[in-house]
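Dumped query_20.json below, it's JSON, C-alpha atoms:
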```
[["chain", "number", "residue", "atom", "x", "y", "z"],
["X", 238, "MET", "CA", 135.88, 88.40, 95.19],
["X", 239, "ALA", "CA", 132.62, 86.41, 95.09],
["X", 240, "GLN", "CA", 129.69, 88.03, 93.30],
["X", 241, "ALA", "CA", 125.98, 87.78, 93.92],
["X", 242, "GLU", "CA", 124.09, 85.47, 91.55],
["X", 243, "LEU", "CA", 120.82, 86.54, 89.95],
["X", 244, "ARG", "CA", 118.43, 83.62, 90.52],
["X", 245, "VAL", "CA", 115.05, 84.93, 89.33],
["X", 246, "ALA", "CA", 113.92, 88.00, 87.40],
["X", 247, "GLU", "CA", 110.16, 88.61, 87.21],
["X", 248, "GLY", "CA", 108.03, 91.11, 85.36],
["X", 249, "ALA", "CA", 106.35, 91.50, 82.00],
["X", 250, "GLY", "CA", 107.91, 91.84, 78.56],
["X", 251, "PRO", "CA", 111.10, 93.90, 78.73],
["X", 252, "PHE", "CA", 110.27, 95.17, 82.23],
["X", 253, "THR", "CA", 111.62, 93.67, 85.44],
["X", 254, "THR", "CA", 109.72, 94.36, 88.65],
["X", 255, "ARG", "CA", 111.31, 91.84, 91.02],
["X", 256, "ARG", "CA", 114.79, 90.28, 91.21],
["X", 257, "THR", "CA", 115.99, 87.56, 93.56],
["X", 258, "TRP", "CA", 119.74, 87.34, 94.17],
["X", 259, "ARG", "CA", 121.79, 84.65, 95.90],
["X", 260, "LEU", "CA", 124.46, 86.44, 97.92],
["X", 261, "PRO", "CA", 127.96, 84.99, 98.41],
["X", 262, "ASP", "CA", 127.19, 84.14, 102.05],
["X", 263, "GLY", "CA", 124.10, 82.09, 101.08],
["X", 264, "ARG", "CA", 121.47, 84.71, 101.88],
["X", 265, "GLU", "CA", 118.86, 85.85, 99.37],
["X", 266, "ALA", "CA", 118.21, 89.51, 98.51],
["X", 267, "VAL", "CA", 114.86, 90.35, 96.90],
["X", 268, "TRP", "CA", 114.39, 93.69, 95.17],
["X", 269, "GLU", "CA", 110.85, 94.78, 94.30],
["X", 270, "SER", "CA", 110.26, 97.89, 92.23],
["X", 271, "ARG", "CA", 107.35, 99.34, 94.22],
["X", 272, "LEU", "CA", 108.80, 98.58, 97.66],
["X", 273, "ALA", "CA", 112.14, 100.12, 96.72],
["X", 274, "ARG", "CA", 110.69, 103.36, 95.33],
["X", 275, "ARG", "CA", 107.91, 103.77, 97.88],
["X", 276, "ARG", "CA", 109.55, 102.55, 101.07],
["X", 277, "GLY", "CA", 113.24, 102.41, 100.24],
["X", 278, "VAL", "CA", 113.66, 98.77, 101.26],
["X", 279, "LEU", "CA", 114.63, 95.37, 99.88],
["X", 280, "ALA", "CA", 114.11, 92.01, 101.59],
["X", 281, "VAL", "CA", 117.05, 89.89, 102.77],
["X", 282, "ARG", "CA", 116.49, 86.30, 103.93],
["X", 283, "ALA", "CA", 119.05, 84.13, 105.71],
["X", 284, "PRO", "CA", 119.47, 80.48, 104.60],
["X", 285, "GLY", "CA", 116.59, 78.40, 105.95],
["X", 286, "ALA", "CA", 114.82, 81.40, 107.50],
["X", 287, "SER", "CA", 111.04, 81.67, 107.10],
["X", 288, "THR", "CA", 110.98, 85.45, 107.43],
["X", 289, "ALA", "CA", 113.07, 88.21, 105.87],
["X", 290, "ARG", "CA", 114.49, 91.41, 107.28],
["X", 291, "HIS", "CA", 114.36, 94.67, 105.38],
["X", 292, "ALA", "CA", 117.57, 96.35, 104.27],
["X", 293, "ARG", "CA", 116.83, 100.07, 104.10],
["X", 294, "ALA", "CA", 118.31, 102.93, 102.14],
["X", 295, "ASP", "CA", 120.22, 105.62, 104.00],
["X", 296, "ALA", "CA", 118.38, 107.96, 106.36],
["X", 297, "ALA", "CA", 118.54, 110.98, 104.03],
["X", 298, "SER", "CA", 116.95, 108.99, 101.21],
["X", 299, "LEU", "CA", 114.16, 107.74, 103.46],
["X", 300, "VAL", "CA", 113.38, 111.29, 104.60],
["X", 301, "ARG", "CA", 113.24, 112.35, 100.94],
["X", 302, "LEU", "CA", 110.87, 109.50, 100.04],
["X", 303, "ARG", "CA", 108.67, 110.19, 103.05],
["X", 304, "ARG", "CA", 108.29, 113.87, 102.17],
["X", 305, "LEU", "CA", 107.56, 113.22, 98.51],
["X", 306, "ASN", "CA", 105.02, 110.53, 99.36],
["X", 307, "SER", "CA", 103.24, 112.80, 101.84],
["X", 308, "ILE", "CA", 103.04, 115.70, 99.37],
["X", 309, "ALA", "CA", 101.71, 113.48, 96.58],
["X", 310, "ALA", "CA", 99.19, 111.74, 98.85],
["X", 311, "VAL", "CA", 97.81, 115.00, 100.25],
["X", 312, "ALA", "CA", 97.62, 116.49, 96.74],
["X", 313, "PHE", "CA", 95.54, 113.55, 95.50],
["X", 314, "VAL", "CA", 93.26, 113.68, 98.54],
["X", 315, "ILE", "CA", 92.56, 117.40, 98.03],
["X", 316, "GLY", "CA", 92.36, 117.13, 94.24],
["X", 317, "GLY", "CA", 89.90, 114.25, 94.48],
["X", 318, "ALA", "CA", 87.80, 116.10, 97.06],
["X", 319, "LEU", "CA", 87.62, 119.20, 94.85],
["X", 320, "PHE", "CA", 86.66, 117.18, 91.79],
["X", 321, "ALA", "CA", 83.92, 115.52, 93.84],
["X", 322, "ALA", "CA", 82.75, 118.95, 95.00],
["X", 323, "GLY", "CA", 82.72, 120.23, 91.41],
["X", 324, "ALA", "CA", 80.62, 117.26, 90.30],
["X", 325, "ALA", "CA", 78.24, 117.77, 93.23],
["X", 326, "ILE", "CA", 77.81, 121.44, 92.28],
["X", 327, "ALA", "CA", 77.07, 120.44, 88.69],
["X", 328, "GLN", "CA", 74.57, 117.78, 89.79],
["X", 329, "PHE", "CA", 72.83, 119.43, 92.73],
["X", 330, "GLY", "CA", 73.77, 123.12, 92.53],
["X", 331, "SER", "CA", 72.32, 126.06, 90.68],
["X", 332, "GLY", "CA", 73.62, 124.82, 87.34],
["X", 333, "ASP", "CA", 76.27, 127.54, 87.07],
["X", 334, "ALA", "CA", 78.87, 125.89, 84.83],
["X", 335, "ILE", "CA", 81.52, 128.51, 85.65],
["X", 336, "THR", "CA", 81.38, 127.71, 89.37],
["X", 337, "SER", "CA", 81.83, 123.97, 88.88],
["X", 338, "SER", "CA", 84.54, 124.57, 86.25],
["X", 339, "GLY", "CA", 86.43, 126.77, 88.71],
["X", 340, "VAL", "CA", 86.32, 124.08, 91.39],
["X", 341, "TYR", "CA", 87.41, 121.45, 88.85],
["X", 342, "PHE", "CA", 90.30, 123.64, 87.73],
["X", 343, "VAL", "CA", 91.69, 124.09, 91.23],
["X", 344, "GLY", "CA", 91.32, 120.37, 91.82],
["X", 345, "GLY", "CA", 93.20, 119.77, 88.58],
["X", 346, "LEU", "CA", 96.13, 121.82, 89.87],
["X", 347, "PHE", "CA", 96.36, 119.50, 92.87],
["X", 348, "PHE", "CA", 96.24, 116.48, 90.54],
["X", 349, "ASN", "CA", 99.07, 118.05, 88.50],
["X", 350, "THR", "CA", 101.07, 118.45, 91.70],
["X", 351, "GLY", "CA", 100.43, 114.88, 92.83],
["X", 352, "GLY", "CA", 101.38, 113.50, 89.43],
["X", 353, "TYR", "CA", 104.63, 115.43, 89.18],
["X", 354, "VAL", "CA", 105.69, 114.71, 92.75],
["X", 355, "SER", "CA", 105.00, 111.01, 92.13],
["X", 356, "LEU", "CA", 107.31, 111.25, 89.12],
["X", 357, "LEU", "CA", 109.97, 112.88, 91.30],
["X", 358, "GLN", "CA", 109.62, 110.00, 93.73],
["X", 359, "VAL", "CA", 110.40, 107.51, 90.97],
["X", 360, "ILE", "CA", 113.25, 109.53, 89.51],
["X", 361, "ASN", "CA", 114.92, 109.96, 92.89],
["X", 362, "ALA", "CA", 114.16, 106.55, 94.36],
["X", 363, "PRO", "CA", 117.10, 104.51, 95.70],
["X", 364, "ARG", "CA", 118.34, 101.79, 93.37],
["X", 365, "GLN", "CA", 119.80, 98.38, 94.03],
["X", 366, "VAL", "CA", 123.54, 98.20, 93.44],
["X", 367, "PRO", "CA", 124.38, 96.43, 90.16],
["X", 368, "SER", "CA", 126.08, 93.51, 91.91],
["X", 369, "GLY", "CA", 122.83, 92.60, 93.67],
["X", 370, "ALA", "CA", 124.22, 93.15, 97.15],
["X", 371, "ASP", "CA", 121.87, 93.73, 100.06],
["X", 372, "ALA", "CA", 122.03, 97.51, 99.77],
["X", 373, "LEU", "CA", 120.22, 100.37, 98.06],
["X", 374, "VAL", "CA", 122.13, 103.39, 96.79],
["X", 375, "THR", "CA", 120.79, 106.93, 96.57],
["X", 376, "ARG", "CA", 121.44, 109.00, 93.50],
["X", 377, "ARG", "CA", 121.80, 112.78, 93.31],
["X", 378, "TRP", "CA", 118.57, 114.78, 93.23],
["X", 379, "ARG", "CA", 117.02, 115.28, 89.80],
["X", 380, "TRP", "CA", 113.97, 117.24, 88.63],
["X", 381, "TRP", "CA", 113.56, 115.20, 85.46],
["X", 382, "SER", "CA", 114.76, 111.97, 83.91],
["X", 383, "TYR", "CA", 113.76, 109.98, 80.82],
["X", 384, "GLU", "CA", 113.59, 106.28, 81.75],
["X", 385, "PRO", "CA", 111.07, 104.55, 79.43],
["X", 386, "MET", "CA", 112.57, 101.11, 80.05],
["X", 387, "HIS", "CA", 111.65, 101.28, 83.75],
["X", 388, "LEU", "CA", 108.05, 100.22, 84.33],
["X", 389, "ASP", "CA", 107.66, 102.38, 87.44],
["X", 390, "TRP", "CA", 108.67, 105.46, 85.42],
["X", 391, "LEU", "CA", 106.16, 104.62, 82.68],
["X", 392, "CYS", "CA", 103.37, 104.13, 85.24],
["X", 393, "VAL", "CA", 103.87, 107.52, 86.81],
["X", 394, "PHE", "CA", 104.70, 109.36, 83.59],
["X", 395, "ALA", "CA", 101.38, 108.21, 82.07],
["X", 396, "LEU", "CA", 99.62, 109.44, 85.21],
["X", 397, "PHE", "CA", 101.35, 112.83, 85.11],
["X", 398, "ALA", "CA", 100.68, 113.21, 81.38],
["X", 399, "GLY", "CA", 97.04, 112.43, 82.06],
["X", 400, "THR", "CA", 96.80, 115.21, 84.63],
["X", 401, "LEU", "CA", 98.30, 117.66, 82.11],
["X", 402, "VAL", "CA", 95.80, 116.65, 79.40],
["X", 403, "PHE", "CA", 92.99, 117.04, 81.90],
["X", 404, "GLY", "CA", 94.31, 120.57, 82.45],
["X", 405, "VAL", "CA", 93.61, 121.34, 78.77],
["X", 406, "ASN", "CA", 90.07, 120.04, 79.20],
["X", 407, "LEU", "CA", 89.57, 122.11, 82.35],
["X", 408, "LEU", "CA", 90.89, 125.32, 80.78],
["X", 409, "ASP", "CA", 88.74, 124.90, 77.68],
["X", 410, "SER", "CA", 85.66, 124.34, 79.85],
["X", 411, "PHE", "CA", 85.71, 128.08, 80.68],
["X", 412, "LEU", "CA", 85.15, 128.98, 77.01],
["X", 413, "GLN", "CA", 81.68, 130.26, 76.18],
["X", 414, "GLY", "CA", 79.62, 130.15, 73.00],
["X", 415, "LEU", "CA", 81.23, 127.02, 71.57],
["X", 416, "THR", "CA", 79.59, 124.97, 68.85],
["X", 417, "VAL", "CA", 78.91, 121.27, 69.42],
["X", 418, "GLN", "CA", 81.91, 120.37, 67.25],
["X", 419, "GLN", "CA", 84.16, 122.70, 69.27],
["X", 420, "ILE", "CA", 82.88, 121.31, 72.57],
["X", 421, "ASN", "CA", 83.71, 117.77, 71.51],
["X", 422, "ARG", "CA", 87.12, 118.74, 70.12],
["X", 423, "LEU", "CA", 88.30, 121.15, 72.82],
["X", 424, "ILE", "CA", 86.65, 119.76, 75.95],
["X", 425, "TRP", "CA", 85.49, 116.17, 75.39],
["X", 426, "THR", "CA", 88.51, 114.87, 73.44],
["X", 427, "PRO", "CA", 91.15, 115.93, 76.02],
["X", 428, "ASP", "CA", 88.89, 114.47, 78.72],
["X", 429, "VAL", "CA", 88.85, 111.07, 77.01],
["X", 430, "ILE", "CA", 92.60, 111.16, 76.30],
["X", 431, "GLY", "CA", 93.29, 111.96, 79.96],
["X", 432, "CYS", "CA", 91.08, 109.07, 81.04],
["X", 433, "VAL", "CA", 92.91, 106.69, 78.68],
["X", 434, "LEU", "CA", 96.26, 107.77, 80.13],
["X", 435, "PHE", "CA", 94.94, 107.20, 83.66],
["X", 436, "LEU", "CA", 93.76, 103.71, 82.67],
["X", 437, "VAL", "CA", 97.13, 102.92, 81.08],
["X", 438, "SER", "CA", 98.90, 104.10, 84.23],
["X", 439, "GLY", "CA", 96.65, 101.92, 86.37],
["X", 440, "HIS", "CA", 97.20, 98.85, 84.20],
["X", 441, "LEU", "CA", 100.97, 99.29, 84.29],
["X", 442, "SER", "CA", 100.76, 99.74, 88.06],
["X", 443, "PHE", "CA", 98.94, 96.41, 88.33],
["X", 444, "VAL", "CA", 101.67, 94.79, 86.24],
["X", 445, "GLU", "CA", 104.29, 96.28, 88.56],
["X", 446, "VAL", "CA", 102.68, 95.30, 91.86],
["X", 447, "CYS", "CA", 101.69, 91.81, 90.59],
["X", 448, "HIS", "CA", 105.00, 91.23, 88.77],
["X", 449, "GLY", "CA", 103.35, 90.53, 85.44],
["X", 450, "ARG", "CA", 100.64, 88.13, 86.66],
["X", 451, "LEU", "CA", 97.44, 90.06, 87.33],
["X", 452, "ARG", "CA", 95.84, 88.73, 90.49],
["X", 453, "VAL", "CA", 94.26, 89.80, 93.78],
["X", 454, "LEU", "CA", 96.76, 90.50, 96.57],
["X", 455, "ALA", "CA", 94.38, 91.08, 99.46],
["X", 456, "HIS", "CA", 97.13, 91.63, 102.05],
["X", 457, "ASP", "CA", 99.20, 94.05, 99.95],
["X", 458, "LEU", "CA", 98.55, 97.75, 100.62],
["X", 459, "GLY", "CA", 100.17, 98.70, 97.31],
["X", 460, "TRP", "CA", 97.71, 96.46, 95.44],
["X", 461, "TRP", "CA", 94.73, 98.12, 97.13],
["X", 462, "ILE", "CA", 96.04, 101.59, 96.28],
["X", 463, "VAL", "CA", 96.37, 100.61, 92.63],
["X", 464, "ALA", "CA", 92.94, 98.92, 92.61],
["X", 465, "VAL", "CA", 91.11, 101.90, 94.16],
["X", 466, "ASN", "CA", 92.81, 104.36, 91.80],
["X", 467, "GLN", "CA", 92.03, 102.17, 88.79],
["X", 468, "LEU", "CA", 88.38, 102.03, 89.81],
["X", 469, "GLY", "CA", 88.48, 105.83, 89.89],
["X", 470, "SER", "CA", 89.96, 105.85, 86.38],
["X", 471, "VAL", "CA", 87.20, 103.54, 85.10],
["X", 472, "LEU", "CA", 84.54, 105.81, 86.61],
["X", 473, "PHE", "CA", 86.21, 108.86, 85.05],
["X", 474, "MET", "CA", 86.07, 107.13, 81.65],
["X", 475, "VAL", "CA", 82.38, 106.30, 82.11],
["X", 476, "SER", "CA", 81.81, 109.96, 82.97],
["X", 477, "ALA", "CA", 83.74, 111.13, 79.91],
["X", 478, "LEU", "CA", 81.81, 108.87, 77.53],
["X", 479, "ALA", "CA", 78.50, 110.03, 79.00],
["X", 480, "ALA", "CA", 79.56, 113.66, 78.48],
["X", 481, "PHE", "CA", 79.82, 113.34, 74.68],
["X", 482, "THR", "CA", 77.61, 115.86, 72.91],
["X", 483, "PRO", "CA", 75.84, 114.58, 69.76],
["X", 484, "ARG", "CA", 75.28, 117.18, 67.07],
["X", 485, "VAL", "CA", 71.62, 116.20, 66.75],
["X", 486, "THR", "CA", 70.63, 116.95, 70.34],
["X", 487, "GLY", "CA", 73.24, 119.56, 71.29],
["X", 488, "SER", "CA", 73.38, 118.22, 74.86],
["X", 489, "GLU", "CA", 75.40, 115.58, 76.73],
["X", 490, "LEU", "CA", 74.39, 111.95, 76.30],
["X", 491, "ASP", "CA", 73.66, 111.65, 80.02],
["X", 492, "ALA", "CA", 74.62, 114.51, 82.33],
["X", 493, "ASP", "CA", 73.62, 112.55, 85.43],
["X", 494, "ILE", "CA", 75.98, 109.67, 84.63],
["X", 495, "ALA", "CA", 78.71, 112.15, 83.74],
["X", 496, "ASN", "CA", 78.39, 113.96, 87.06],
["X", 497, "TRP", "CA", 78.02, 110.84, 89.19],
["X", 498, "GLY", "CA", 80.92, 109.14, 87.44],
["X", 499, "THR", "CA", 83.16, 112.11, 88.15],
["X", 500, "LEU", "CA", 82.00, 112.39, 91.75],
["X", 501, "LEU", "CA", 82.50, 108.71, 92.59],
["X", 502, "GLY", "CA", 85.74, 108.45, 90.63],
["X", 503, "ALA", "CA", 87.14, 111.51, 92.39],
["X", 504, "LEU", "CA", 86.28, 110.01, 95.78],
["X", 505, "CYS", "CA", 88.23, 106.90, 94.76],
["X", 506, "PHE", "CA", 91.29, 109.05, 94.12],
["X", 507, "SER", "CA", 90.87, 110.74, 97.50],
["X", 508, "ILE", "CA", 90.66, 107.33, 99.19],
["X", 509, "GLY", "CA", 93.70, 106.21, 97.21],
["X", 510, "GLY", "CA", 95.56, 109.27, 98.48],
["X", 511, "VAL", "CA", 94.69, 108.40, 102.08],
["X", 512, "LEU", "CA", 95.96, 104.85, 101.56],
["X", 513, "GLN", "CA", 99.07, 106.13, 99.79],
["X", 514, "TYR", "CA", 99.94, 108.24, 102.83],
["X", 515, "ALA", "CA", 100.33, 105.01, 104.78],
["X", 516, "GLU", "CA", 102.62, 103.50, 102.12],
["X", 517, "ARG", "CA", 105.73, 105.34, 103.25],
["X", 518, "PRO", "CA", 109.16, 104.43, 104.65]]
```

If you convert what's in this file into structure tokens, what do you get?
Amino acid sequence: MAQAELRVAEGAGPFTTRRTWRLPDGREAVWESRLARRRGVLAVRAPGASTARHARADAASLVRLRRLNSIAAVAFVIGGALFAAGAAIAQFGSGDAITSSGVYFVGGLFFNTGGYVSLLQVINAPRQVPSGADALVTRRWRWWSYEPMHLDWLCVFALFAGTLVFGVNLLDSFLQGLTVQQINRLIWTPDVIGCVLFLVSGHLSFVEVCHGRLRVLAHDLGWWIVAVNQLGSVLFMVSALAAFTPRVTGSELDADIANWGTLLGALCFSIGGVLQYAERP
């Protein structure tokens, strides 16, 4: 029996994000990591055809992907909105740190939810059959899987880990009477680590959507989602750096930059969530 022939494998380093197969009947099947896990499709092009049709996963798998995508998107929209509200309270409100910390904490729970559901979407995404045929197969449902050699898994795992580290920062922000050293160790350090993980996730997402060659893909919704979220991560990092508390002064380097960076970065994540809602099967 004739087998499909792998013509091109693209990606970065050990990671493959796009494969092009020549099928026995002369057609080409193109698997892309993000399209498969987000929309449950791969492209199939007939010989000499200028356009491709999409081969879709089974109906049950598409329903699963659609639900997971909707939950994650809504969670990021709400989480981003709450973070923006917390920053606005800190910047323009009465200065009550407990109030803004409470709003941040609830927003963090939504970010945790969005991160974990995004991980579930990767773990339970349909996969291309090993022979490269024009079909995607659905695996049994799993709540966890360790797949460090899959770039999509690494992207989302870094994101989820970042939300968990932010949770440490948000919990510690309720503590009162801390010294400057304790503030920097318990609150500022987890904040910076979470921002780094978000930036790593965003970079890996760019590698995935661009197949290893970072470039602007103006007509690709997935690229815009990654770009908007990465801008949010950059703004979060600017906010974190501005929130460092020197021992000499006992106050943040620049509270205004810290608050505005959080507010604008959070709005980016909300916008990214709105765009993500449209990136569904």

Between X:Cys392, X:Val463, X:Leu434, X:Leu412, which is the closest to Ser338 in chain X once you count all atoms listed in the file?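 Nearest candidate to Ser338 in chain X out of X:Cys392, X:Val463, X:Leu434, X:Leu412: X:Leu412.
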
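Using all atoms listed in the file, the smallest distance between any of X:Thr482, X:Gln358, X:Pro363, X:Phe320 and Ala297 in chain X comes from X:Pro363.
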
Dump as a Markdown table the rows for residues of range 277-351 of chain X within 10 Å of range 396-408 of chain X: closest atom pair and distance in Å with one decimal, all atoms listed in the file counted, ordered by chain and rising residue number.
```
| residue | atom | partner | partner_atom | distance |
| --- | --- | --- | --- | --- |
| X:Ser338 | CA | X:Leu407 | CA | 6.8 |
| X:Gly339 | CA | X:Leu407 | CA | 8.5 |
| X:Val340 | CA | X:Leu407 | CA | 9.8 |
| X:Tyr341 | CA | X:Leu407 | CA | 6.9 |
| X:Phe342 | CA | X:Leu407 | CA | 5.6 |
| X:Val343 | CA | X:Leu407 | CA | 9.3 |
| X:Gly344 | CA | X:Leu407 | CA | 9.8 |
| X:Gly345 | CA | X:Gly404 | CA | 6.3 |
| X:Leu346 | CA | X:Gly404 | CA | 7.7 |
| X:Phe347 | CA | X:Thr400 | CA | 9.3 |
| X:Phe348 | CA | X:Thr400 | CA | 6.1 |
| X:Asn349 | CA | X:Thr400 | CA | 5.3 |
| X:Thr350 | CA | X:Phe397 | CA | 8.7 |
| X:Gly351 | CA | X:Phe397 | CA | 8.0 |
```

Using only C-alpha atoms, the residue out of X:Asp428, X:Asp493, X:Glu445, X:Asp295 with shortest distance to Ser270 in chain X is X:Glu445

Could you give me, as a ChimeraX atom specification, the residues within 6 Å of range 242-252 of chain X, counting all atoms listed in the file and dropping anything in the same chain fewer than 5 positions from it? /X:257-259,388,448-449

So, counting all atoms listed in the file, which residue among X:Gly459, X:Gly317, X:Gly502, X:Gly487 is closest to Cys432 in chain X?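 Closest to Cys432 in chain X of all the choices is X:Gly502.
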
Using all atoms listed in the file, find the one residue out of X:Phe506, X:Tyr383, X:Trp460, X:Trp425 that sits nearest to Glu489 in chain X.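 Of X:Phe506, X:Tyr383, X:Trp460, X:Trp425, the one nearest Glu489 in chain X, counting all atoms listed in the file, is X:Trp425.
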
Pairwise distance for CA of Thr486 in chain X and CA of Val433 in chain X, rounded to one decimal in Å: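 CA of Val433 in chain X lies at a distance of 25.9 Å from CA of Thr486 in chain X.
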
Determine the nearest neighbour of Leu279 in chain X from the options X:Gln365, X:Ser298, X:Ser337, X:Gln419, counting only C-alpha atoms.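 For Leu279 in chain X, the nearest of the given residues is X:Gln365.
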
Interatomic distance (Å, one decimal) between CA of Ile424 in chain X and CA of Asp409 in chain X: 5.8 Å

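Neighbours of Val267 in chain X closer than or equal to 9 Å, with only C-alpha atoms counted and sequence neighbours fewer than 3 positions away skipped, come out as Arg255, Arg256, Thr257, Trp258, Leu279, Ala280, Val281, Arg282, Gly369 and Asp371 of chain X.
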
Quick check, in Å to one decimal: how far apart do CA of Val453 in chain X and CA of Leu468 in chain X lie?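 Those two atoms sit 14.1 Å apart.
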
List the spatial neighbours of Asn306 in chain X as a ChimeraX atom specification - criterion: any atom at most 12 Å away, all atoms listed in the file, same-chain residues fewer than 3 positions off excluded. /X:274-277,299-303,309-313,350-359,361-362,510-518

Would you pick out the contacts of Phe435 in chain X at 8 Å or less, using all atoms listed in the file, so that residues sharing its chain but fewer than 4 positions from it are not included, and give the list as a PyMOL selection string? chain X and resi 395-396+399+431+439+467+470

Final N, CA, C and O atoms of range 326-337 of chain X as a short mmCIF file (atom, residue, chain, number, x, y, z; two decimals), in the coordinates of the input:
```
data_model
loop_
_atom_site.label_atom_id
_atom_site.label_comp_id
_atom_site.auth_asym_id
_atom_site.auth_seq_id
_atom_site.Cartn_x
_atom_site.Cartn_y
_atom_site.Cartn_z
N ILE X 326 78.38 120.14 92.66
CA ILE X 326 77.81 121.44 92.28
C ILE X 326 77.08 121.32 90.95
O ILE X 326 75.98 121.85 90.77
N ALA X 327 77.70 120.60 90.00
CA ALA X 327 77.07 120.44 88.69
C ALA X 327 75.78 119.63 88.78
O ALA X 327 74.82 119.90 88.06
N GLN X 328 75.74 118.66 89.69
CA GLN X 328 74.57 117.78 89.79
C GLN X 328 73.46 118.37 90.65
O GLN X 328 72.28 118.28 90.29
N PHE X 329 73.83 118.98 91.76
CA PHE X 329 72.83 119.43 92.73
C PHE X 329 72.75 120.94 92.89
O PHE X 329 71.85 121.43 93.57
N GLY X 330 73.72 121.68 92.32
CA GLY X 330 73.77 123.12 92.53
C GLY X 330 72.84 123.89 91.62
O GLY X 330 71.87 123.35 91.06
N SER X 331 73.18 125.15 91.44
CA SER X 331 72.32 126.06 90.68
C SER X 331 72.46 125.88 89.18
O SER X 331 71.74 126.50 88.41
N GLY X 332 73.41 125.03 88.77
CA GLY X 332 73.62 124.82 87.34
C GLY X 332 74.60 125.80 86.73
O GLY X 332 74.75 125.83 85.50
N ASP X 333 75.27 126.60 87.56
CA ASP X 333 76.27 127.54 87.07
C ASP X 333 77.52 126.78 86.65
O ASP X 333 78.29 126.31 87.49
N ALA X 334 77.74 126.68 85.35
CA ALA X 334 78.87 125.89 84.83
C ALA X 334 80.21 126.51 85.22
O ALA X 334 81.19 125.80 85.43
N ILE X 335 80.26 127.84 85.32
CA ILE X 335 81.52 128.51 85.65
C ILE X 335 81.97 128.14 87.05
O ILE X 335 83.16 127.92 87.31
N THR X 336 81.03 128.06 87.99
CA THR X 336 81.38 127.71 89.37
C THR X 336 81.98 126.32 89.44
O THR X 336 83.04 126.10 90.03
N SER X 337 81.31 125.33 88.84
CA SER X 337 81.83 123.97 88.88
C SER X 337 83.15 123.87 88.12
O SER X 337 84.07 123.16 88.54
#
```
